[in-house]
$ cat final.csv   # CSV, C-alpha atoms and all ligand atoms
chain,number,residue,atom,x,y,z
A,1,MET,CA,-5.4,168.4,-28.7
A,2,HIS,CA,-4.1,166.8,-31.8
A,3,GLU,CA,-5.7,169.5,-34.0
A,4,LEU,CA,-4.1,172.3,-31.9
A,5,SER,CA,-0.6,170.9,-32.6
A,6,ILE,CA,-1.4,170.6,-36.2
A,7,ALA,CA,-2.9,174.1,-36.5
A,8,GLN,CA,0.3,175.4,-34.9
A,9,ALA,CA,2.5,173.6,-37.4
A,10,ILE,CA,0.3,174.8,-40.3
A,11,ILE,CA,0.8,178.4,-39.1
A,12,ASP,CA,4.6,177.9,-38.8
A,13,VAL,CA,4.8,176.7,-42.4
A,14,ALA,CA,2.5,179.6,-43.7
A,15,THR,CA,4.4,182.2,-41.7
A,16,ARG,CA,7.7,181.1,-43.2
A,17,HIS,CA,6.4,181.2,-46.7
A,18,ALA,CA,4.5,184.5,-46.2
A,19,GLU,CA,7.8,186.3,-45.5
A,20,GLY,CA,6.1,189.1,-43.6
A,21,ARG,CA,3.1,189.5,-45.9
A,22,ARG,CA,-0.4,189.1,-44.4
A,23,VAL,CA,-1.9,185.7,-45.1
A,24,LEU,CA,-5.6,185.7,-46.2
A,25,ARG,CA,-6.2,182.1,-47.0
A,26,VAL,CA,-4.4,178.8,-46.3
A,27,GLU,CA,-5.2,175.7,-48.3
A,28,VAL,CA,-4.3,172.4,-46.7
A,29,GLN,CA,-4.7,168.8,-47.7
A,30,VAL,CA,-5.5,166.4,-44.9
A,31,GLY,CA,-5.4,162.7,-45.5
A,32,HIS,CA,-8.2,160.5,-43.9
A,33,LEU,CA,-5.6,158.4,-42.0
A,34,ARG,CA,-4.3,161.4,-40.1
A,35,GLN,CA,-7.5,161.3,-38.0
A,36,VAL,CA,-8.0,165.1,-38.1
A,37,VAL,CA,-11.5,166.3,-37.3
A,38,PRO,CA,-12.0,169.2,-39.7
A,39,ASP,CA,-14.2,171.3,-37.3
A,40,SER,CA,-11.7,170.9,-34.5
A,41,LEU,CA,-8.9,172.0,-36.8
A,42,GLN,CA,-10.9,175.0,-37.9
A,43,PHE,CA,-11.5,175.9,-34.3
A,44,ALA,CA,-7.9,175.4,-33.3
A,45,PHE,CA,-6.7,177.4,-36.3
A,46,ALA,CA,-8.9,180.3,-35.5
A,47,LEU,CA,-7.6,180.2,-31.9
A,48,VAL,CA,-3.9,180.0,-32.7
A,49,VAL,CA,-3.8,182.6,-35.5
A,50,GLN,CA,-4.9,185.4,-33.2
A,51,GLY,CA,-2.2,188.1,-33.1
A,52,THR,CA,-0.1,186.5,-35.9
A,53,ALA,CA,0.3,187.4,-39.6
A,54,LEU,CA,-2.5,184.9,-40.2
A,55,ASP,CA,-5.0,186.7,-38.0
A,56,GLY,CA,-8.4,186.4,-39.7
A,57,ALA,CA,-7.1,184.1,-42.4
A,58,GLU,CA,-9.4,181.5,-43.9
A,59,LEU,CA,-8.5,177.8,-43.7
A,60,ALA,CA,-9.5,175.7,-46.6
A,61,ILE,CA,-9.3,172.0,-45.8
A,62,THR,CA,-9.3,169.4,-48.6
A,63,HIS,CA,-10.0,165.9,-47.3
A,64,VAL,CA,-8.0,163.2,-49.1
A,65,PRO,CA,-9.7,159.7,-48.8
A,66,ALA,CA,-7.6,156.8,-47.9
A,67,ALA,CA,-6.7,154.5,-50.9
A,68,GLY,CA,-4.6,151.4,-51.0
A,69,ARG,CA,-3.3,148.6,-53.2
A,70,CYS,CA,-3.9,145.1,-52.1
A,71,ARG,CA,-0.7,143.0,-51.9
A,72,GLU,CA,-2.7,139.8,-52.3
A,73,CYS,CA,-4.9,140.6,-55.4
A,74,GLY,CA,-3.5,143.9,-56.7
A,75,ALA,CA,-6.8,145.8,-56.5
A,76,GLU,CA,-6.6,149.5,-55.9
A,77,ARG,CA,-9.5,150.8,-53.9
A,78,VAL,CA,-10.6,153.7,-51.7
A,79,MET,CA,-10.7,152.5,-48.0
A,80,GLU,CA,-13.5,154.0,-46.0
A,81,SER,CA,-12.4,153.2,-42.5
A,82,PHE,CA,-10.2,151.2,-40.2
A,83,PRO,CA,-9.4,148.4,-40.2
A,84,LEU,CA,-7.8,149.0,-43.6
A,85,SER,CA,-8.7,146.1,-45.9
A,86,CYS,CA,-9.0,145.3,-49.5
A,87,GLY,CA,-12.4,146.0,-50.9
A,88,ALA,CA,-12.0,143.3,-53.5
A,89,CYS,CA,-10.7,140.2,-51.6
A,90,GLY,CA,-10.9,141.4,-47.9
A,91,SER,CA,-7.1,141.0,-47.3
A,92,PHE,CA,-5.6,143.3,-44.6
A,93,ASP,CA,-2.3,143.3,-46.4
A,94,VAL,CA,-2.7,146.7,-48.2
A,95,GLU,CA,-0.1,149.2,-49.2
A,96,VAL,CA,-1.4,152.7,-48.5
A,97,LEU,CA,-1.3,154.9,-51.6
A,98,ALA,CA,-3.1,158.0,-50.3
A,99,GLY,CA,-4.6,159.3,-47.1
A,100,GLU,CA,-1.5,160.1,-45.1
A,101,GLU,CA,-1.2,163.6,-46.4
A,102,LEU,CA,-0.8,166.6,-44.1
A,103,LEU,CA,0.2,169.4,-46.5
A,104,VAL,CA,0.1,173.1,-46.9
A,105,GLU,CA,-0.8,173.3,-50.5
A,106,ALA,CA,-1.1,177.0,-51.2
A,107,LEU,CA,-1.4,180.4,-49.6
A,108,GLU,CA,-3.2,183.6,-50.6
A,109,LEU,CA,-1.2,186.6,-49.5
A,110,GLU,CA,-1.8,190.3,-49.5
A,111,GLU,CA,0.9,191.9,-51.4
A,112,ASP,CA,1.8,195.6,-51.7
A,113,LEU,CA,2.6,196.0,-55.4
A,114,LEU,CA,4.4,199.3,-54.9
A,115,GLU,CA,6.6,197.7,-52.3
A,116,LYS,CA,7.2,194.8,-54.6
A,117,SER,CA,8.2,196.8,-57.7
A,118,ARG,CA,10.5,199.0,-55.5
A,119,VAL,CA,12.2,195.9,-54.2
A,120,SER,CA,12.6,194.2,-57.5
A,121,SER,CA,13.9,197.3,-59.3
A,122,THR,CA,16.8,197.7,-56.8
B,1,MET,CA,-2.9,196.0,-51.9
B,2,HIS,CA,-3.2,192.9,-54.1
B,3,ARG,CA,-4.2,189.3,-53.5
B,4,ILE,CA,-1.7,186.7,-54.8
B,5,LYS,CA,-1.7,183.0,-54.6
B,6,VAL,CA,1.5,181.1,-53.8
B,7,ARG,CA,1.8,177.3,-54.2
B,8,VAL,CA,3.6,175.8,-51.3
B,9,VAL,CA,3.1,172.0,-51.1
B,10,GLU,CA,5.0,171.4,-47.9
B,11,ASP,CA,4.5,168.7,-45.4
B,12,VAL,CA,3.1,170.4,-42.2
B,13,LEU,CA,5.6,168.4,-40.2
B,14,ASP,CA,8.7,169.0,-42.4
B,15,ALA,CA,10.2,171.4,-40.0
B,16,ASN,CA,9.9,168.9,-37.1
B,17,ASN,CA,11.2,166.1,-39.3
B,18,THR,CA,14.3,168.2,-40.2
B,19,ILE,CA,15.1,168.8,-36.6
B,20,ALA,CA,14.4,165.1,-35.8
B,21,ARG,CA,17.0,164.1,-38.4
B,22,ALA,CA,19.5,166.5,-36.8
B,23,ASN,CA,18.9,164.9,-33.4
B,24,ARG,CA,19.3,161.5,-35.0
B,25,GLN,CA,22.6,162.4,-36.4
B,26,ASP,CA,23.8,163.6,-33.0
B,27,PHE,CA,22.6,160.3,-31.4
B,28,ASP,CA,24.3,158.3,-34.2
B,29,ARG,CA,27.6,160.2,-33.8
B,30,ALA,CA,27.5,159.4,-30.0
B,31,GLY,CA,26.6,155.7,-30.8
B,32,VAL,CA,23.3,156.0,-28.9
B,33,ARG,CA,20.2,154.2,-29.9
B,34,VAL,CA,16.9,155.9,-29.1
B,35,VAL,CA,13.5,154.5,-28.3
B,36,ASN,CA,10.4,156.8,-28.2
B,37,LEU,CA,8.0,155.2,-25.6
B,38,MET,CA,4.4,156.4,-25.9
B,39,SER,CA,1.0,155.6,-24.4
B,40,ALA,CA,-2.2,157.0,-23.0
B,41,PRO,CA,-1.7,158.6,-19.6
B,42,GLY,CA,-1.2,156.0,-16.9
B,43,ALA,CA,-0.8,152.9,-19.1
B,44,GLY,CA,2.4,152.1,-17.2
B,45,LYS,CA,5.4,153.5,-19.1
B,46,THR,CA,7.2,154.6,-15.9
B,47,ALA,CA,6.3,151.5,-14.0
B,48,LEU,CA,7.6,149.3,-16.8
B,49,LEU,CA,10.9,151.3,-17.0
B,50,GLU,CA,11.3,151.1,-13.2
B,51,ARG,CA,11.4,147.4,-13.5
B,52,ALA,CA,13.0,146.8,-16.9
B,53,LEU,CA,15.9,149.2,-16.5
B,54,ALA,CA,16.9,147.8,-13.1
B,55,ASP,CA,19.4,145.4,-14.7
B,56,THR,CA,20.3,145.9,-18.3
B,57,GLY,CA,23.6,144.2,-18.0
B,58,ASP,CA,26.4,145.9,-19.9
B,59,VAL,CA,24.1,148.1,-21.9
B,60,ARG,CA,24.1,151.6,-20.3
B,61,VAL,CA,20.7,153.3,-20.4
B,62,GLY,CA,19.6,156.8,-19.9
B,63,VAL,CA,16.0,158.2,-19.8
B,64,LEU,CA,14.5,161.4,-21.0
B,65,GLU,CA,11.3,162.0,-19.1
B,66,GLY,CA,8.8,164.1,-21.0
B,67,ASP,CA,6.0,165.6,-18.9
B,68,VAL,CA,3.8,168.7,-19.1
B,69,GLU,CA,4.9,169.6,-15.6
B,70,GLY,CA,6.7,168.3,-12.5
B,71,SER,CA,9.4,165.6,-12.1
B,72,LEU,CA,7.3,162.9,-10.4
B,73,ASP,CA,8.2,160.3,-13.0
B,74,ALA,CA,11.9,161.2,-13.1
B,75,ASP,CA,12.0,161.0,-9.3
B,76,ARG,CA,10.6,157.5,-9.4
B,77,LEU,CA,13.6,156.4,-11.6
B,78,THR,CA,16.3,157.9,-9.4
B,79,SER,CA,16.8,154.7,-7.4
B,80,LEU,CA,18.0,153.1,-10.6
B,81,HIS,CA,21.1,155.3,-10.5
B,82,ILE,CA,21.1,155.9,-14.2
B,83,PRO,CA,21.1,159.3,-16.0
B,84,VAL,CA,17.5,160.7,-16.0
B,85,VAL,CA,16.8,164.1,-17.6
B,86,GLN,CA,13.5,165.8,-17.1
B,87,LEU,CA,11.9,167.7,-20.0
B,88,ASN,CA,8.8,169.8,-19.1
B,89,THR,CA,6.7,171.0,-22.0
B,90,ALA,CA,5.2,173.7,-19.7
B,91,ASN,CA,8.6,175.5,-19.6
B,92,GLY,CA,8.8,177.6,-22.8
B,93,PHE,CA,6.9,175.1,-25.0
B,94,GLY,CA,3.4,176.2,-24.2
B,95,GLY,CA,2.5,173.1,-22.2
B,96,GLU,CA,2.4,170.9,-25.3
B,97,CYS,CA,0.7,167.5,-24.9
B,98,HIS,CA,3.6,165.7,-26.7
B,99,LEU,CA,7.3,166.0,-27.3
B,100,ASP,CA,8.6,167.4,-30.5
B,101,ALA,CA,12.0,167.3,-32.1
B,102,ASN,CA,12.9,170.8,-31.0
B,103,MET,CA,12.1,170.1,-27.3
B,104,VAL,CA,14.3,167.0,-27.4
B,105,ARG,CA,17.0,169.1,-29.2
B,106,SER,CA,16.9,171.6,-26.4
B,107,SER,CA,17.6,168.8,-23.9
B,108,LEU,CA,20.5,167.2,-25.8
B,109,ALA,CA,23.1,169.1,-23.8
B,110,ALA,CA,21.8,167.8,-20.5
B,111,ILE,CA,21.9,164.2,-21.6
B,112,PRO,CA,25.3,162.5,-21.1
B,113,LEU,CA,25.3,160.8,-24.5
B,114,GLU,CA,28.9,159.6,-24.2
B,115,GLU,CA,28.0,157.6,-21.1
B,116,ILE,CA,25.0,155.7,-22.5
B,117,ASP,CA,24.3,153.2,-25.2
B,118,LEU,CA,20.5,153.5,-25.2
B,119,LEU,CA,18.2,156.5,-24.5
B,120,VAL,CA,14.6,155.8,-23.7
B,121,ILE,CA,12.4,158.8,-24.2
B,122,GLU,CA,9.2,158.6,-22.2
B,123,ASN,CA,6.8,160.8,-24.1
B,124,VAL,CA,3.9,162.7,-22.6
B,125,GLY,CA,1.0,160.5,-21.9
B,126,ASN,CA,-1.3,160.9,-24.9
B,127,LEU,CA,-2.5,158.4,-27.4
B,128,VAL,CA,-2.8,160.8,-30.3
B,129,CYS,CA,-0.3,163.7,-30.7
B,130,PRO,CA,3.0,162.0,-29.9
B,131,ALA,CA,2.4,159.7,-32.9
B,132,GLU,CA,2.7,162.7,-35.3
B,133,PHE,CA,6.0,164.0,-34.0
B,134,ARG,CA,9.3,162.2,-34.7
B,135,VAL,CA,12.0,163.3,-32.2
B,136,GLY,CA,15.0,161.5,-33.7
B,137,GLU,CA,14.3,158.0,-32.4
B,138,ASP,CA,15.4,154.7,-33.9
B,139,ALA,CA,12.3,152.9,-32.8
B,140,ARG,CA,8.9,153.6,-31.5
B,141,ALA,CA,7.2,151.5,-28.9
B,142,MET,CA,3.9,152.0,-27.1
B,143,VAL,CA,2.2,150.7,-24.0
B,144,CYS,CA,-1.4,149.8,-24.0
B,145,SER,CA,-2.9,148.6,-20.8
B,146,VAL,CA,-5.8,146.1,-20.7
B,147,ALA,CA,-7.6,148.5,-18.5
B,148,GLU,CA,-8.1,150.8,-21.4
B,149,GLY,CA,-10.3,148.3,-23.2
B,150,ASP,CA,-9.8,146.1,-26.2
B,151,ASP,CA,-11.0,148.6,-28.8
B,152,LYS,CA,-8.2,151.1,-28.5
B,153,PRO,CA,-6.3,150.0,-31.6
B,154,LEU,CA,-9.4,150.7,-33.7
B,155,LYS,CA,-10.0,154.1,-32.1
B,156,TYR,CA,-6.4,155.3,-32.2
B,157,PRO,CA,-4.9,153.6,-35.3
B,158,LEU,CA,-2.4,156.5,-35.9
B,159,MET,CA,-0.5,155.6,-32.7
B,160,PHE,CA,-0.8,151.8,-33.2
B,161,ARG,CA,0.4,152.1,-36.8
B,162,ALA,CA,3.4,154.4,-35.8
B,163,CYS,CA,4.9,151.9,-33.4
B,164,GLU,CA,6.8,148.7,-34.1
B,165,LEU,CA,6.2,147.3,-30.6
B,166,ALA,CA,3.0,147.3,-28.6
B,167,VAL,CA,3.5,146.4,-24.9
B,168,ILE,CA,0.2,145.1,-23.5
B,169,ASN,CA,0.5,146.0,-19.9
B,170,LYS,CA,-1.5,145.4,-16.6
B,171,ILE,CA,-2.3,141.8,-17.6
B,172,ASP,CA,-2.6,141.1,-13.9
B,173,LEU,CA,-5.9,143.0,-14.2
B,174,LEU,CA,-7.4,140.8,-16.9
B,175,ASP,CA,-9.7,139.1,-14.5
B,176,HIS,CA,-11.0,142.4,-13.2
B,177,VAL,CA,-11.7,144.3,-16.5
B,178,ASP,CA,-14.0,143.6,-19.3
B,179,ALA,CA,-11.3,143.8,-22.0
B,180,ASP,CA,-10.9,140.6,-24.0
B,181,LEU,CA,-7.2,140.0,-24.6
B,182,ASP,CA,-7.8,138.0,-27.8
B,183,LYS,CA,-10.0,140.7,-29.2
B,184,LEU,CA,-7.3,143.3,-28.3
B,185,LEU,CA,-4.6,141.4,-30.1
B,186,ALA,CA,-6.8,140.8,-33.1
B,187,ASN,CA,-7.6,144.5,-33.3
B,188,LEU,CA,-3.9,145.3,-33.0
B,189,GLN,CA,-3.1,143.1,-36.0
B,190,THR,CA,-5.9,144.5,-38.2
B,191,VAL,CA,-4.7,148.0,-37.6
B,192,HIS,CA,-1.0,147.2,-37.9
B,193,PRO,CA,-0.4,143.8,-39.5
B,194,GLY,CA,2.8,142.2,-38.3
B,195,ILE,CA,3.4,144.5,-35.3
B,196,GLU,CA,5.3,142.9,-32.5
B,197,HIS,CA,3.7,142.7,-29.1
B,198,LEU,CA,4.5,141.7,-25.6
B,199,LEU,CA,2.3,140.9,-22.6
B,200,THR,CA,3.5,142.4,-19.3
B,201,SER,CA,2.5,143.3,-15.8
B,202,ALA,CA,4.7,146.0,-14.2
B,203,ARG,CA,3.0,145.0,-11.0
B,204,THR,CA,3.9,141.3,-10.9
B,205,GLY,CA,6.9,141.6,-13.2
B,206,GLU,CA,5.5,139.1,-15.6
B,207,GLY,CA,6.8,139.6,-19.1
B,208,VAL,CA,9.0,142.5,-18.1
B,209,ASP,CA,12.1,140.5,-19.1
B,210,GLY,CA,10.8,140.4,-22.6
B,211,PHE,CA,10.5,144.2,-22.6
B,212,ARG,CA,14.0,144.6,-21.2
B,213,ASP,CA,15.4,142.2,-23.9
B,214,TRP,CA,13.6,144.2,-26.6
B,215,LEU,CA,15.0,147.5,-25.4
B,216,VAL,CA,18.6,146.1,-25.0
B,217,SER,CA,18.5,144.5,-28.4
B,218,ARG,CA,17.9,147.9,-30.0
B,219,VAL,CA,21.6,148.6,-29.2
B,220,ARG,CA,22.7,145.6,-31.1
B,221,SER,CA,20.5,146.0,-34.1
B,222,PRO,CA,21.6,148.1,-37.1
B,223,ALA,CA,20.3,151.6,-37.5
B,224,THR,CA,16.8,151.8,-39.0
B,225,ALA,CA,14.9,154.6,-40.7
A,301,LIG,N1,-2.2,146.5,-11.6
A,301,LIG,C1,-1.3,147.1,-12.4
A,301,LIG,N2,-1.0,148.5,-12.2
A,301,LIG,C2,0.0,149.0,-12.9
A,301,LIG,C3,0.7,148.3,-13.9
A,301,LIG,N3,1.6,149.1,-14.5
A,301,LIG,C4,1.4,150.3,-13.9
A,301,LIG,N4,0.4,150.3,-13.0
A,301,LIG,C5,-0.1,151.4,-12.2
A,301,LIG,O1,-0.8,152.3,-13.1
A,301,LIG,C6,-0.6,153.6,-12.6
A,301,LIG,C7,0.1,154.4,-13.8
A,301,LIG,O2,1.4,153.9,-14.0
A,301,LIG,P1,2.6,154.8,-14.6
A,301,LIG,O3,3.8,154.0,-14.7
A,301,LIG,O4,2.6,156.1,-13.8
A,301,LIG,O5,2.0,155.1,-16.0
A,301,LIG,P2,2.6,156.1,-17.1
A,301,LIG,O6,2.3,155.6,-18.4
A,301,LIG,O7,4.0,156.4,-16.9
A,301,LIG,O8,1.8,157.4,-16.8
A,301,LIG,P3,2.0,159.0,-17.4
A,301,LIG,O9,3.5,159.2,-17.4
A,301,LIG,O10,1.4,159.8,-16.4
A,301,LIG,O11,1.4,159.0,-18.7
A,301,LIG,C8,0.3,153.5,-11.4
A,301,LIG,O12,-0.5,153.6,-10.3
A,301,LIG,C9,1.0,152.2,-11.5
A,301,LIG,O13,1.3,151.6,-10.3
A,301,LIG,C10,0.4,146.9,-14.0
A,301,LIG,O14,1.0,146.2,-14.8
A,301,LIG,N5,-0.6,146.4,-13.2
A,302,MG,MG,5.1,158.1,-16.7
A,303,ZN,ZN,-7.3,142.1,-52.4
$ encode --input "final.csv" --output "structure tokens"
Amino acid sequence: MHELSIAQAIIDVATRHAEGRRVLRVEVQVGHLRQVVPDSLQFAFALVVQGTALDGAELAITHVPAAGRCRECGAERVMESFPLSCGACGSFDVEVLAGEELLVEALELEEDLLEKSRVSST
Amino acid sequence: MHRIKVRVVEDVLDANNTIARANRQDFDRAGVRVVNLMSAPGAGKTALLERALADTGDVRVGVLEGDVEGSLDADRLTSLHIPVVQLNTANGFGGECHLDANMVRSSLAAIPLEEIDLLVIENVGNLVCPAEFRVGEDARAMVCSVAEGDDKPLKYPLMFRACELAVINKIDLLDHVDADLDKLLANLQTVHPGIEHLLTSARTGEGVDGFRDWLVSRVRSPATA
């Protein structure tokens, strides 16, 4: 359910940036803390792209591990799972540094060079 | 045809957040504070509102009821004689399992903002998606019933971390369910250190005053992020 909403939002961002061009590949960064299941996101994406400018596009998901800085001892560590705690002293008082990403990083588009040169020369 | 790569680096939820900010400006202009109330289906959001909003003193409250379909919850609130607006995600929004900023935006005209001080938005029952979508609220609160088990904060940390208040409801059932209240509260604090919580029963009315006070005090507190 969650992944379906996110797939739709990814498609909205990609469609806006594609400006009418066909989208071949979408690269996204998904932070560990967003609780997105990659397989479910792939499945939802394949479902929602049907009939859009992204039909058939590949979705490349980069998983960003959660990382935090401990407010007690200052250690910076990767945090594997909930509850989020400091790997050095065990404190739960950690500031999240990474893992909340939900970004469209890049797109690969199909571009008509003739069309492009015609547009840019006018 | 040629394959080109374009760097984007845009938050997937940017578009939603932009509309949420626009909603927020409209609420601010009208002097209305907004609470986004979320929970798993059936945790008791509507039941708590039925009781808590029965007497809010001089604070005028309105409710925006988000549901996939139907107006059952809105109908339950009619006896309160307060403005209640129904928002169905099945109508033109593809039956979404959560409210987003655009849906709330489309309902703004139907909400008599000039006649209320506080708007409570009852989100669609779902412990995951609503946590991702800001709608223009000042505060987020969630209801977690003891019937759901004491492990829910650990399994749905996104929601528990997104809210500043957790209402632990159906405490009248504590003797009948396996959930351990102490464990539930401990799990809550590990997932979201410092989160405020209340213990309530919408059935007996226990603790509902505290929920009402929390809601009403939103109106007196300064605007937050
Ligand atoms: N025993 C008990 N039952 C409750 C309590 N609060 C709610 N209920 C019951 O739980 C059921 C669901 O309550 P609702 O108020 O509809 O829950 P909700 O969160 O609004 O549900 P959705 O809007 O469908 O997500 C109803 O049958 C309520 O009567 C409570 O504190 N104790
Ligand atoms: Mg309800
Ligand atoms: Zn530490």
$ interface_residues --input "final.csv" --of "chain A" --to "chain B" --cutoff "8 Å" --atoms "all atoms listed in the file" --output "compact mmCIF listing (two decimals) with C-alpha atoms, in the coordinates of the input"
# COMPACT_ATOMS: atom_id res chain seq x y z
CA MET A 1 -5.40 168.40 -28.70
CA HIS A 2 -4.10 166.80 -31.80
CA SER A 5 -0.60 170.90 -32.60
CA ILE A 6 -1.40 170.60 -36.20
CA ALA A 9 2.50 173.60 -37.40
CA ILE A 10 0.30 174.80 -40.30
CA VAL A 13 4.80 176.70 -42.40
CA HIS A 17 6.40 181.20 -46.70
CA LEU A 33 -5.60 158.40 -42.00
CA ARG A 34 -4.30 161.40 -40.10
CA GLN A 35 -7.50 161.30 -38.00
CA PHE A 82 -10.20 151.20 -40.20
CA PRO A 83 -9.40 148.40 -40.20
CA LEU A 84 -7.80 149.00 -43.60
CA PHE A 92 -5.60 143.30 -44.60
CA ASP A 93 -2.30 143.30 -46.40
CA GLU A 101 -1.20 163.60 -46.40
CA LEU A 102 -0.80 166.60 -44.10
CA LEU A 103 0.20 169.40 -46.50
CA VAL A 104 0.10 173.10 -46.90
CA GLU A 105 -0.80 173.30 -50.50
CA ALA A 106 -1.10 177.00 -51.20
CA LEU A 107 -1.40 180.40 -49.60
CA GLU A 108 -3.20 183.60 -50.60
CA LEU A 109 -1.20 186.60 -49.50
CA GLU A 110 -1.80 190.30 -49.50
CA GLU A 111 0.90 191.90 -51.40
CA ASP A 112 1.80 195.60 -51.70
CA LEU A 113 2.60 196.00 -55.40
$ residues_near_ligand --input "final.csv" --ligand "ligand LIG 301 (chain A)" --cutoff "8 Å" --atoms "all atoms listed in the file" --output "ChimeraX atom specification"
/B:38-49,67,73,122-126,143,145,169-173,200-205
$ residues_near_ligand --input "final.csv" --ligand "ligand ZN 303 (chain A)" --cutoff "8 Å" --atoms "all atoms listed in the file" --output "VMD selection string"
chain A and resid 69 to 75 85 to 91 93 to 94
$ residues_around --input "final.csv" --residues "region 19-29 of chain B" --least-positions-apart "2" --cutoff "6 Å" --atoms "only C-alpha atoms" --output "list in words"
Asn16, Asn17, Gly31, Val32, Ala101, Arg134, Val135 and Gly136 of chain B
$ atom_distance --input "final.csv" --atom1 "CA of Ala179 (chain B)" --atom2 "CA of Val167 (chain B)"
15.3 Å
$ atom_distance --input "final.csv" --atom1 "CA of Leu54 (chain A)" --atom2 "CA of Val23 (chain A)"
5.0 Å
$ residues_near_point --input "final.csv" --point "(19.7, 158.4, -18.3)" --cutoff "9 Å" --atoms "all atoms listed in the file" --output "ChimeraX atom specification"
/B:60-64,81-85,111-113,115-116,118-120
$ atom_distance --input "final.csv" --atom1 "CA of Ser79 (chain B)" --atom2 "CA of Gly66 (chain B)"
18.4 Å
$ residues_around --input "final.csv" --residues "Asp55 (chain A)" --least-positions-apart "3" --cutoff "10 Å" --atoms "all atoms listed in the file" --output "PyMOL selection string"
chain A and resi 22-24+45-52+58
$ residues_around --input "final.csv" --residues "Pro38 (chain A)" --least-positions-apart "3" --cutoff "8 Å" --atoms "only C-alpha atoms" --output "PyMOL selection string"
chain A and resi 41-42+61
$ write_last_selection --input "final.csv" --atoms "C-alpha atoms" --output "mmCIF file, in the coordinates of the input"
data_model
loop_
_atom_site.group_PDB
_atom_site.id
_atom_site.type_symbol
_atom_site.label_atom_id
_atom_site.label_comp_id
_atom_site.auth_asym_id
_atom_site.auth_seq_id
_atom_site.Cartn_x
_atom_site.Cartn_y
_atom_site.Cartn_z
ATOM 1 C CA LEU A 41 -8.900 172.000 -36.800
ATOM 2 C CA GLN A 42 -10.900 175.000 -37.900
ATOM 3 C CA ILE A 61 -9.300 172.000 -45.800
#
$ residues_around --input "final.csv" --residues "Glu50 (chain B)" --least-positions-apart "4" --cutoff "8 Å" --atoms "all atoms listed in the file" --output "JSON list (two decimals) with C-alpha atoms, in the coordinates of the input"
[["chain", "number", "residue", "atom", "x", "y", "z"],
["B", 46, "THR", "CA", 7.20, 154.60, -15.90],
["B", 54, "ALA", "CA", 16.90, 147.80, -13.10],
["B", 76, "ARG", "CA", 10.60, 157.50, -9.40],
["B", 77, "LEU", "CA", 13.60, 156.40, -11.60],
["B", 80, "LEU", "CA", 18.00, 153.10, -10.60]]
